[in-house]
$ cat model-v1.cif   # mmCIF, C-alpha atoms
data_run
#
loop_
_atom_site.label_atom_id
_atom_site.label_comp_id
_atom_site.auth_asym_id
_atom_site.auth_seq_id
_atom_site.Cartn_x
_atom_site.Cartn_y
_atom_site.Cartn_z
CA MET W 3 18.54 35.90 27.79
CA ASN W 4 16.34 34.46 25.04
CA LYS W 5 13.50 36.64 23.80
CA LYS W 6 9.93 35.35 24.31
CA ILE W 7 8.32 34.36 21.02
CA ASP W 8 4.59 33.88 20.42
CA ILE W 9 3.98 32.13 17.08
CA GLU W 10 0.28 32.98 17.24
CA LYS W 11 1.31 36.54 16.34
CA PHE W 12 3.05 35.38 13.12
CA GLU W 13 1.40 35.64 9.74
CA LYS W 14 0.10 32.08 9.27
CA ARG W 15 1.15 31.72 5.67
CA THR W 16 2.45 28.57 3.99
CA PRO W 17 5.84 29.63 2.60
CA PHE W 18 5.70 27.34 -0.43
CA SER W 19 4.84 28.05 -4.03
CA VAL W 20 3.84 25.99 -7.04
CA PRO W 21 4.65 26.34 -10.77
CA GLU W 22 2.41 28.65 -12.78
CA ASN W 23 -1.05 27.23 -13.69
CA TYR W 24 -0.21 24.20 -11.60
CA PHE W 25 -3.69 23.62 -10.14
CA SER W 26 -5.50 23.98 -13.48
CA GLU W 27 -3.14 21.36 -14.95
CA LEU W 28 -3.32 19.13 -11.89
CA LYS W 29 -7.03 18.55 -12.44
CA SER W 30 -6.50 17.18 -15.96
CA GLU W 31 -3.46 15.16 -14.80
CA ILE W 32 -5.62 13.55 -12.12
CA GLN W 33 -8.35 12.78 -14.67
CA ASP W 34 -5.77 11.25 -17.04
CA SER W 35 -4.28 9.16 -14.22
CA CYS W 36 -7.76 7.84 -13.33
CA LYS W 37 -8.43 6.94 -16.99
CA THR W 38 -5.08 5.13 -17.20
CA GLU W 39 -5.92 3.33 -13.97
CA ASN W 40 -9.23 2.18 -15.49
CA LYS W 41 -7.42 1.01 -18.62
CA SER W 42 -4.87 -0.91 -16.57
CA TYR W 43 -7.76 -2.72 -14.88
CA LEU W 44 -9.18 -3.53 -18.31
CA SER W 45 -5.79 -4.71 -19.58
CA ILE W 46 -5.55 -7.11 -16.61
CA PHE W 47 -8.89 -8.60 -17.69
CA GLN W 48 -7.71 -8.63 -21.30
CA TYR W 49 -4.96 -11.09 -20.30
CA ALA W 50 -6.72 -12.78 -17.41
CA ILE W 51 -9.75 -13.98 -19.40
CA PRO W 52 -7.79 -15.82 -22.15
CA PHE W 53 -5.46 -17.24 -19.48
CA LEU W 54 -8.46 -18.50 -17.50
CA GLY W 55 -9.95 -19.97 -20.69
CA ILE W 56 -6.73 -21.82 -21.57
CA SER W 57 -6.42 -23.07 -17.98
CA LEU W 58 -9.99 -24.42 -18.08
CA ILE W 59 -9.39 -26.17 -21.43
CA MET W 60 -6.15 -27.74 -20.14
CA PHE W 61 -7.85 -28.80 -16.91
CA TYR W 62 -10.69 -30.40 -18.91
CA PHE W 63 -8.19 -32.09 -21.27
CA PHE W 64 -6.07 -33.59 -18.51
CA THR W 65 -8.99 -34.78 -16.35
CA ASP W 66 -10.60 -36.27 -19.44
CA THR W 67 -7.39 -38.10 -20.42
CA GLY W 68 -7.08 -39.33 -16.84
CA SER W 69 -10.44 -41.07 -17.05
CA THR W 70 -9.28 -43.16 -20.06
CA PHE W 71 -6.81 -45.14 -17.91
CA THR W 72 -7.91 -48.75 -17.69
CA SER W 73 -7.94 -50.41 -14.31
CA VAL W 74 -5.66 -53.46 -13.78
CA SER W 75 -8.61 -55.79 -13.27
CA GLU W 76 -9.92 -54.90 -16.76
CA ILE W 77 -6.71 -56.03 -18.54
CA GLU W 78 -6.99 -59.38 -20.19
CA LEU W 79 -3.69 -61.24 -20.57
CA SER W 80 -3.31 -64.49 -22.36
CA GLN W 81 -1.32 -67.21 -20.53
CA THR W 82 1.36 -67.35 -23.26
CA ASP W 83 1.96 -63.60 -23.00
CA LEU W 84 2.32 -63.93 -19.26
CA ILE W 85 4.84 -66.80 -19.47
CA ALA W 86 6.83 -64.97 -22.15
CA TYR W 87 6.96 -61.92 -19.91
CA LEU W 88 8.09 -63.91 -16.84
CA GLU W 89 10.77 -65.77 -18.81
CA GLU W 90 12.26 -62.51 -20.07
CA ASP W 91 15.79 -61.96 -18.81
CA ILE W 92 15.79 -58.89 -16.65
CA SER W 93 19.20 -57.81 -15.46
CA ASP W 94 19.74 -56.56 -11.90
CA ASP W 95 20.87 -53.16 -13.20
CA LEU W 96 17.62 -52.78 -15.08
CA LEU W 97 15.72 -53.64 -11.92
CA TYR W 98 17.68 -51.05 -9.91
CA GLU W 99 16.74 -48.46 -12.49
CA TYR W 100 13.11 -49.15 -11.74
CA ILE W 101 13.50 -49.49 -7.99
CA TYR W 102 14.99 -46.20 -7.02
CA ILE W 103 14.90 -45.14 -3.39
CA GLU W 104 16.26 -41.85 -2.13
CA ASP W 105 19.07 -42.05 0.49
CA GLU W 106 16.90 -40.28 3.08
CA GLU W 107 14.14 -42.82 2.53
CA ILE W 108 16.61 -45.67 3.12
CA ASP W 109 17.79 -44.01 6.36
CA GLU W 110 14.21 -43.55 7.54
CA LEU W 111 13.37 -47.15 6.69
CA SER W 112 16.38 -48.58 8.56
CA GLU W 113 15.57 -46.41 11.58
CA GLU W 114 12.02 -47.75 11.62
CA ILE W 115 13.24 -51.36 11.28
CA ASP W 116 15.79 -50.88 14.12
CA TYR W 117 13.08 -49.38 16.31
CA LEU W 118 10.70 -52.29 15.68
CA LEU W 119 13.45 -54.90 16.25
CA ASP W 120 14.61 -53.21 19.49
CA TYR W 121 11.14 -53.67 20.92
CA ASN W 122 10.97 -57.34 19.83
CA MET W 123 8.17 -56.74 17.44
CA ASP W 124 6.67 -59.57 15.48
CA TYR W 125 8.31 -59.93 12.00
CA ASN W 126 4.91 -60.11 10.37
CA LEU W 127 4.04 -56.80 11.94
CA ILE W 128 7.30 -55.30 10.64
CA ILE W 129 6.54 -56.51 7.15
CA ASN W 130 3.05 -55.04 7.44
CA GLN W 131 4.54 -51.71 8.57
CA LEU W 132 6.78 -51.67 5.51
CA MET U 12 -20.27 24.17 -12.10
CA GLY U 13 -22.90 24.47 -9.36
CA ASN U 14 -22.40 23.61 -5.72
CA PHE U 15 -23.50 20.16 -4.66
CA THR U 16 -23.88 18.76 -1.18
CA ASP U 17 -21.77 15.72 -0.27
CA ARG U 18 -24.83 13.48 -0.42
CA LYS U 19 -25.72 14.75 -3.91
CA LEU U 20 -22.14 14.21 -5.10
CA LEU U 21 -22.18 10.63 -3.82
CA GLU U 22 -25.53 10.03 -5.57
CA LEU U 23 -24.14 11.45 -8.82
CA PHE U 24 -21.03 9.29 -8.48
CA GLN U 25 -23.11 6.11 -8.18
CA ASN U 26 -24.71 6.82 -11.56
CA PRO U 27 -22.34 5.85 -14.44
CA GLU U 28 -23.66 8.75 -16.56
CA THR U 29 -22.85 11.43 -13.96
CA ARG U 30 -19.87 9.71 -12.37
CA ASN U 31 -17.26 11.87 -14.13
CA LEU U 32 -19.17 15.07 -13.38
CA ALA U 33 -19.25 14.24 -9.67
CA PHE U 34 -15.58 13.28 -9.60
CA ASN U 35 -14.51 16.46 -11.44
CA HIS U 36 -16.45 18.47 -8.92
CA ILE U 37 -14.78 16.66 -6.00
CA VAL U 38 -11.32 17.23 -7.54
CA ASN U 39 -12.10 20.92 -8.10
CA GLN U 40 -13.28 21.40 -4.55
CA ASN U 41 -10.50 19.49 -2.80
CA GLN U 42 -7.33 19.33 -4.90
CA GLU U 43 -5.73 22.51 -3.53
CA ARG U 44 -6.43 21.72 0.11
CA ALA U 45 -5.21 18.15 -0.33
CA TYR U 46 -2.08 19.31 -2.16
CA TRP U 47 -1.13 21.88 0.51
CA HIS U 48 -1.75 19.40 3.30
CA ILE U 49 0.55 16.86 1.59
CA ARG U 50 3.11 19.53 0.69
CA LYS U 51 3.47 20.53 4.35
CA ILE U 52 4.23 16.91 5.22
CA VAL U 53 6.68 16.02 2.43
CA LEU U 54 7.83 19.59 1.59
CA SER U 55 9.04 18.95 -1.96
CA HIS U 56 6.70 20.03 -4.76
CA GLU U 57 7.50 17.01 -6.99
CA ASP U 58 6.74 14.54 -4.21
CA ALA U 59 3.58 16.41 -3.20
CA ASN U 60 2.42 16.37 -6.83
CA ASP U 61 2.83 12.58 -7.12
CA ILE U 62 1.17 11.94 -3.77
CA THR U 63 -1.77 14.23 -4.59
CA GLN U 64 -2.37 12.32 -7.82
CA ASN U 65 -2.18 8.97 -5.98
CA THR U 66 -4.59 10.32 -3.38
CA PHE U 67 -7.21 11.18 -6.01
CA ILE U 68 -6.72 7.86 -7.81
CA LYS U 69 -7.60 6.22 -4.47
CA VAL U 70 -10.59 8.55 -4.11
CA TRP U 71 -11.76 7.52 -7.61
CA LYS U 72 -11.34 3.83 -6.85
CA ASN U 73 -12.97 3.89 -3.40
CA LEU U 74 -15.64 6.59 -3.55
CA ASP U 75 -18.41 4.10 -4.32
CA LYS U 76 -17.55 2.31 -1.04
CA PHE U 77 -17.55 5.58 0.96
CA LYS U 78 -20.71 5.62 3.07
CA GLY U 79 -20.76 9.35 3.78
CA GLU U 80 -20.28 8.98 7.53
CA SER U 81 -17.87 11.93 7.43
CA LYS U 82 -17.47 14.88 5.08
CA ILE U 83 -15.87 14.04 1.71
CA PHE U 84 -13.10 16.55 2.41
CA THR U 85 -12.28 14.91 5.79
CA TRP U 86 -12.14 11.51 4.07
CA ILE U 87 -9.81 12.88 1.36
CA TYR U 88 -7.61 14.45 4.07
CA THR U 89 -7.34 11.02 5.72
CA ILE U 90 -6.29 9.37 2.45
CA ALA U 91 -3.84 12.21 1.75
CA THR U 92 -2.31 11.91 5.24
CA ASN U 93 -1.90 8.13 4.89
CA GLU U 94 -0.38 8.47 1.42
CA ALA U 95 2.09 11.11 2.63
CA LEU U 96 3.04 9.02 5.68
CA SER U 97 3.54 5.90 3.53
CA PHE U 98 5.79 7.98 1.28
CA LEU U 99 7.92 9.06 4.26
CA LYS U 100 8.03 5.45 5.51
CA LYS U 101 9.27 4.31 2.09
CA LYS U 102 11.98 6.98 2.24
CA LYS U 103 12.85 5.79 5.73
CA ARG U 104 13.25 2.22 4.43
CA THR U 105 15.32 3.41 1.45
CA TYR U 106 17.76 5.36 3.62
CA PHE U 107 17.57 3.07 6.70
CA GLU U 108 16.66 5.95 9.00
CA SER U 109 13.87 6.79 11.44
CA LEU U 110 10.80 8.74 10.32
CA ASP U 111 11.97 11.73 12.35
CA ALA U 112 15.45 11.54 10.79
CA VAL U 113 13.72 11.79 7.40
CA SER U 114 12.13 15.04 8.61
CA TYR U 115 15.55 16.44 9.57
CA ARG U 116 16.83 15.66 6.08
CA LEU U 117 13.80 17.36 4.55
CA SER U 118 14.77 20.42 6.57
CA ASP U 119 18.22 20.49 4.91
CA ASN U 120 16.65 20.45 1.45
CA LEU U 121 14.20 23.22 2.29
CA SER U 122 16.39 26.26 1.64
CA ALA U 123 17.51 24.83 -1.73
CA ASP U 124 13.90 24.20 -2.86
CA ASN U 125 12.93 26.32 -5.89
CA TYR U 126 9.36 26.44 -4.72
CA PHE U 127 10.06 27.73 -1.22
CA ASP U 128 9.32 31.44 -1.12
CA GLY U 129 9.42 32.18 2.58
CA ASP U 130 11.57 34.76 4.34
CA GLU U 131 14.20 33.97 6.99
CA ILE U 132 11.68 33.73 9.85
CA GLU U 133 9.39 31.45 7.84
CA LEU U 134 12.35 29.21 6.99
CA LYS U 135 13.25 29.03 10.69
CA LEU U 136 9.62 28.27 11.55
CA GLN U 137 9.56 25.40 9.02
CA LYS U 138 12.84 24.04 10.41
CA ALA U 139 11.38 24.24 13.92
CA ILE U 140 8.25 22.38 12.77
CA LEU U 141 10.47 19.69 11.28
CA THR U 142 12.02 18.99 14.68
CA LEU U 143 8.62 17.72 15.90
CA PRO U 144 7.68 14.03 15.81
CA THR U 145 5.77 13.34 12.57
CA GLN U 146 2.31 12.93 14.14
CA GLN U 147 2.74 16.11 16.20
CA ARG U 148 3.96 17.95 13.10
CA ILE U 149 0.85 16.95 11.14
CA THR U 150 -1.43 18.01 14.00
CA PHE U 151 0.36 21.34 14.27
CA ASN U 152 0.11 22.05 10.53
CA MET U 153 -3.59 21.23 10.42
CA LYS U 154 -4.39 23.47 13.38
CA TYR U 155 -1.96 26.33 12.77
CA PHE U 156 -1.94 26.73 8.97
CA ASP U 157 -5.16 24.99 7.85
CA LYS U 158 -7.14 26.40 10.81
CA MET U 159 -9.03 23.15 11.16
CA LYS U 160 -11.23 22.47 14.20
CA TYR U 161 -10.04 19.85 16.67
CA ASP U 162 -13.00 17.56 15.95
CA GLU U 163 -12.18 17.65 12.22
CA ILE U 164 -8.51 16.84 12.90
CA SER U 165 -9.69 14.08 15.23
CA GLU U 166 -11.75 12.53 12.39
CA VAL U 167 -8.80 12.65 9.99
CA LEU U 168 -6.14 11.31 12.35
CA GLY U 169 -8.36 9.07 14.48
CA THR U 170 -6.96 10.66 17.67
CA SER U 171 -9.04 12.03 20.57
CA VAL U 172 -9.64 15.79 20.79
CA GLY U 173 -7.94 15.88 24.22
CA ALA U 174 -4.78 14.23 22.87
CA LEU U 175 -4.75 16.62 19.91
CA LYS U 176 -5.03 19.68 22.19
CA ALA U 177 -2.11 18.41 24.26
CA ASN U 178 -0.16 17.64 21.07
CA TYR U 179 -0.72 21.13 19.69
CA HIS U 180 0.19 22.77 23.00
CA HIS U 181 3.47 20.81 23.27
CA ALA U 182 4.27 21.43 19.59
CA LYS U 183 3.76 25.18 20.00
CA LYS U 184 6.00 25.28 23.09
CA LYS U 185 8.77 23.31 21.35
CA ILE U 186 8.64 25.55 18.28
CA GLU U 187 8.75 28.75 20.35
CA GLN U 188 11.66 27.32 22.33
CA TYR U 189 13.53 26.42 19.09
CA LEU U 190 12.93 29.88 17.62
CA SER U 191 14.09 31.71 20.73
CA GLU U 192 17.30 29.63 20.83
CA ASN U 193 18.16 29.89 17.11
#
$ encode --input "model-v1.cif" --output "structure tokens"
Amino acid sequence: MNKKIDIEKFEKRTPFSVPENYFSELKSEIQDSCKTENKSYLSIFQYAIPFLGISLIMFYFFTDTGSTFTSVSEIELSQTDLIAYLEEDISDDLLYEYIYIEDEEIDELSEEIDYLLDYNMDYNLIINQL
Amino acid sequence: MGNFTDRKLLELFQNPETRNLAFNHIVNQNQERAYWHIRKIVLSHEDANDITQNTFIKVWKNLDKFKGESKIFTWIYTIATNEALSFLKKKKRTYFESLDAVSYRLSDNLSADNYFDGDEIELKLQKAILTLPTQQRITFNMKYFDKMKYDEISEVLGTSVGALKANYHHAKKKIEQYLSEN
């Protein structure tokens, strides 16, 4: 038969030990860790502030450059320039290079056209949809 | 270094000129209790040392937000408990085991630990404690070894006094059962 044990009668001692002078050293280790932690915060700012500055300059630069674009209506073209441009021989290959549509886009487009044709939609409406 | 009330320490901490003085005082007053509390959860000295340092770094970073609704020591105990539990959870993730399985493994390492100076009965008692679910184990340690009052434990763990009393009672029974069988 098992003997009855009452742990309240035991000596309530934690059976662990620590290295010599551990607690006096722990205090200074904690203080050092807190100082390092403060420094690491500062070092984040040290890099974050220049980064933020550069980002702001780049943002300003790009928005500023953007505003220098001239709208189409402001362009003045002489008639001779326009005729010369229209008479220029543009090969089909060159055109395809400019008009590039992804395969998925083509699939989507043909699905939309099929759908509109199936429901006898007006051609003008289809063209408008495209 | 004189004795300061919690309110005085918080006042001193708010002032940049006396901030370090207040923090040193808080470390002096609480480091041993916090360390032993953590040590009883994670058992290894090296792990307890790291977790104690992390605990006080959190105290340093968050003390200005602490409103003094509880005692500073209770608040530090809460941080220490959470840090120790997160450590065990990390171990659990590393080894893909349950939190309680981690406790069993800690039990295997206990007798080989250089900083364990208990006798055979104390080793058995620690192994028995390690068979408890983690939350019950923490409650048992705080009541049995740290002699904390139930309302203090309740503040730290955020559990009702009634539940803690039941937890302690069950823990004690399980430990006595384990010891009588082994």
$ closest_atom_pairs --input "model-v1.cif" --of "chain U" --to "chain W" --cutoff "10 Å" --atoms "only C-alpha atoms" --output "CSV"
residue,atom,partner,partner_atom,distance
U:Asn31,CA,W:Gln33,CA,9.0
U:Phe34,CA,W:Gln33,CA,8.8
U:Asn35,CA,W:Lys29,CA,7.8
U:Val38,CA,W:Lys29,CA,6.6
U:Asn39,CA,W:Lys29,CA,7.1
U:Gln42,CA,W:Lys29,CA,7.6
U:Glu43,CA,W:Phe25,CA,7.0
U:Tyr46,CA,W:Phe25,CA,9.2
U:Trp47,CA,W:Thr16,CA,8.3
U:Arg50,CA,W:Phe18,CA,8.3
U:Lys51,CA,W:Thr16,CA,8.1
U:Leu54,CA,W:Phe18,CA,8.3
U:Ser55,CA,W:Phe18,CA,9.2
U:His56,CA,W:Val20,CA,7.0
U:Glu57,CA,W:Val20,CA,9.7
U:Asn60,CA,W:Leu28,CA,8.1
U:Asp61,CA,W:Ile32,CA,9.9
U:Thr63,CA,W:Ile32,CA,8.5
U:Gln64,CA,W:Ile32,CA,5.5
U:Asn65,CA,W:Ile32,CA,8.4
U:Thr66,CA,W:Ile32,CA,9.4
U:Phe67,CA,W:Ile32,CA,6.7
U:Ile68,CA,W:Cys36,CA,5.6
U:Lys69,CA,W:Cys36,CA,9.0
U:Val70,CA,W:Cys36,CA,9.7
U:Trp71,CA,W:Cys36,CA,7.0
U:Lys72,CA,W:Cys36,CA,8.4
U:Leu121,CA,W:Phe18,CA,9.8
U:Asp124,CA,W:Phe18,CA,9.1
U:Asn125,CA,W:Ser19,CA,8.5
U:Tyr126,CA,W:Ser19,CA,4.8
U:Phe127,CA,W:Phe18,CA,4.4
U:Asp128,CA,W:Pro17,CA,5.4
U:Gly129,CA,W:Pro17,CA,4.4
U:Asp130,CA,W:Pro17,CA,7.9
U:Ile132,CA,W:Phe12,CA,9.4
U:Glu133,CA,W:Pro17,CA,6.6
U:Leu134,CA,W:Pro17,CA,7.9
U:Leu136,CA,W:Ile9,CA,8.8
U:Gln137,CA,W:Pro17,CA,8.5
U:Asn152,CA,W:Thr16,CA,9.5
U:Tyr155,CA,W:Lys14,CA,7.0
U:Phe156,CA,W:Lys14,CA,5.7
U:Asp157,CA,W:Lys14,CA,8.9
U:Lys158,CA,W:Lys14,CA,9.3
U:Lys183,CA,W:Ile9,CA,7.5
U:Lys184,CA,W:Asp8,CA,9.1
U:Ile186,CA,W:Ile9,CA,8.2
U:Glu187,CA,W:Ile7,CA,5.7
U:Gln188,CA,W:Ile7,CA,7.9
U:Tyr189,CA,W:Ile7,CA,9.7
U:Leu190,CA,W:Ile7,CA,7.3
U:Ser191,CA,W:Asn4,CA,5.6
U:Glu192,CA,W:Asn4,CA,6.5
U:Asn193,CA,W:Asn4,CA,9.3
$ atom_distance --input "model-v1.cif" --atom1 "atom CA of W:Glu27" --atom2 "atom CA of U:Leu74"
22.5 Å
$ residues_around --input "model-v1.cif" --residues "stretch 76-79 of chain U" --least-positions-apart "2" --cutoff "10 Å" --atoms "only C-alpha atoms" --output "list in words"
Asp17, Arg18, Leu21, Gln25, Val70, Lys72, Asn73, Leu74, Ser81, Lys82, Ile83 and Trp86 of chain U
$ atom_distance --input "model-v1.cif" --atom1 "atom CA of U:Ala59" --atom2 "atom CA of U:Ala139"
20.4 Å
$ atom_distance --input "model-v1.cif" --atom1 "atom CA of U:Phe84" --atom2 "atom CA of U:Glu166"
10.8 Å
$ resolve_selection --input "model-v1.cif" --expression "the PyMOL selection byres ((chain U and resi 91) around 7)" --output "list in words"
Ala45, Ile49, Thr63, Thr66, Ile87, Tyr88, Thr89, Ile90, Thr92, Asn93, Glu94 and Ala95 of chain U
$ resolve_selection --input "model-v1.cif" --expression "the PyMOL selection byres ((chain U and resi 146) around 10)" --output "list in words"
Ile52, Leu96, Asp111, Leu143, Pro144, Thr145, Gln147, Arg148, Ile149, Thr150, Phe151, Leu168, Leu175 and Asn178 of chain U
$ write_last_selection --input "model-v1.cif" --atoms "C-alpha atoms" --output "PDB file, keeping the file's coordinate frame"
ATOM      1  CA  ILE U  52       4.230  16.910   5.220  1.00  0.00           C
ATOM      2  CA  LEU U  96       3.040   9.020   5.680  1.00  0.00           C
ATOM      3  CA  ASP U 111      11.970  11.730  12.350  1.00  0.00           C
ATOM      4  CA  LEU U 143       8.620  17.720  15.900  1.00  0.00           C
ATOM      5  CA  PRO U 144       7.680  14.030  15.810  1.00  0.00           C
ATOM      6  CA  THR U 145       5.770  13.340  12.570  1.00  0.00           C
ATOM      7  CA  GLN U 147       2.740  16.110  16.200  1.00  0.00           C
ATOM      8  CA  ARG U 148       3.960  17.950  13.100  1.00  0.00           C
ATOM      9  CA  ILE U 149       0.850  16.950  11.140  1.00  0.00           C
ATOM     10  CA  THR U 150      -1.430  18.010  14.000  1.00  0.00           C
ATOM     11  CA  PHE U 151       0.360  21.340  14.270  1.00  0.00           C
ATOM     12  CA  LEU U 168      -6.140  11.310  12.350  1.00  0.00           C
ATOM     13  CA  LEU U 175      -4.750  16.620  19.910  1.00  0.00           C
ATOM     14  CA  ASN U 178      -0.160  17.640  21.070  1.00  0.00           C
TER      15      ASN U 178
END
$ decode --input "model-v1.cif" --residues "stretch 24-93 of chain U" --atoms "C-alpha atoms" --output "compact mmCIF listing (two decimals), in the first residue's frame"
# COMPACT_ATOMS: atom_id res chain seq x y z
CA PHE U 24 10.78 57.42 -13.28
CA GLN U 25 8.77 60.09 -15.11
CA ASN U 26 11.52 62.63 -14.46
CA PRO U 27 14.46 62.15 -16.91
CA GLU U 28 16.95 63.22 -14.21
CA THR U 29 15.83 60.56 -11.70
CA ARG U 30 14.72 57.93 -14.19
CA ASN U 31 17.84 55.76 -13.78
CA LEU U 32 17.71 56.01 -9.99
CA ALA U 33 14.11 54.79 -9.94
CA PHE U 34 14.83 51.97 -12.38
CA ASN U 35 17.90 50.80 -10.42
CA HIS U 36 15.78 50.72 -7.30
CA ILE U 37 13.07 48.68 -9.05
CA VAL U 38 15.68 46.21 -10.36
CA ASN U 39 17.23 45.90 -6.89
CA GLN U 40 13.90 45.25 -5.25
CA ASN U 41 12.52 42.78 -7.80
CA GLN U 42 15.29 41.03 -9.74
CA GLU U 43 15.68 38.06 -7.37
CA ARG U 44 11.96 37.39 -7.03
CA ALA U 45 11.47 37.71 -10.79
CA TYR U 46 14.45 35.45 -11.50
CA TRP U 47 13.28 32.68 -9.13
CA HIS U 48 9.75 32.85 -10.48
CA ILE U 49 11.07 32.44 -14.06
CA ARG U 50 13.58 29.78 -13.01
CA LYS U 51 10.80 27.62 -11.56
CA ILE U 52 8.98 27.78 -14.90
CA VAL U 53 11.89 27.17 -17.30
CA LEU U 54 14.23 25.38 -14.83
CA SER U 55 17.52 26.05 -16.62
CA HIS U 56 19.67 28.87 -15.21
CA GLU U 57 20.83 30.10 -18.65
CA ASP U 58 17.27 30.39 -19.94
CA ALA U 59 16.07 32.03 -16.72
CA ASN U 60 18.92 34.55 -16.96
CA ASP U 61 17.97 35.56 -20.53
CA ILE U 62 14.28 35.77 -19.71
CA THR U 63 14.92 37.86 -16.57
CA GLN U 64 16.92 40.35 -18.63
CA ASN U 65 14.18 40.50 -21.29
CA THR U 66 11.62 41.02 -18.54
CA PHE U 67 13.45 44.06 -17.16
CA ILE U 68 14.03 45.48 -20.65
CA LYS U 69 10.23 45.36 -21.04
CA VAL U 70 9.82 46.98 -17.62
CA TRP U 71 12.20 49.78 -18.70
CA LYS U 72 10.36 50.30 -21.98
CA ASN U 73 6.84 50.22 -20.54
CA LEU U 74 7.10 51.66 -17.02
CA ASP U 75 6.06 55.15 -18.16
CA LYS U 76 2.80 53.62 -19.45
CA PHE U 77 2.18 51.72 -16.19
CA LYS U 78 -0.64 53.49 -14.36
CA GLY U 79 0.02 52.03 -10.92
CA GLU U 80 -3.29 50.16 -10.72
CA SER U 81 -1.43 47.21 -9.19
CA LYS U 82 1.81 46.89 -7.24
CA ILE U 83 4.98 47.22 -9.35
CA PHE U 84 6.08 43.76 -8.21
CA THR U 85 2.77 42.19 -9.34
CA TRP U 86 3.14 43.89 -12.73
CA ILE U 87 6.73 42.61 -13.07
CA TYR U 88 5.54 39.10 -12.12
CA THR U 89 2.96 39.30 -14.93
CA ILE U 90 5.60 40.32 -17.48
CA ALA U 91 7.96 37.61 -16.19
CA THR U 92 5.22 34.95 -16.43
CA ASN U 93 4.34 35.98 -19.99
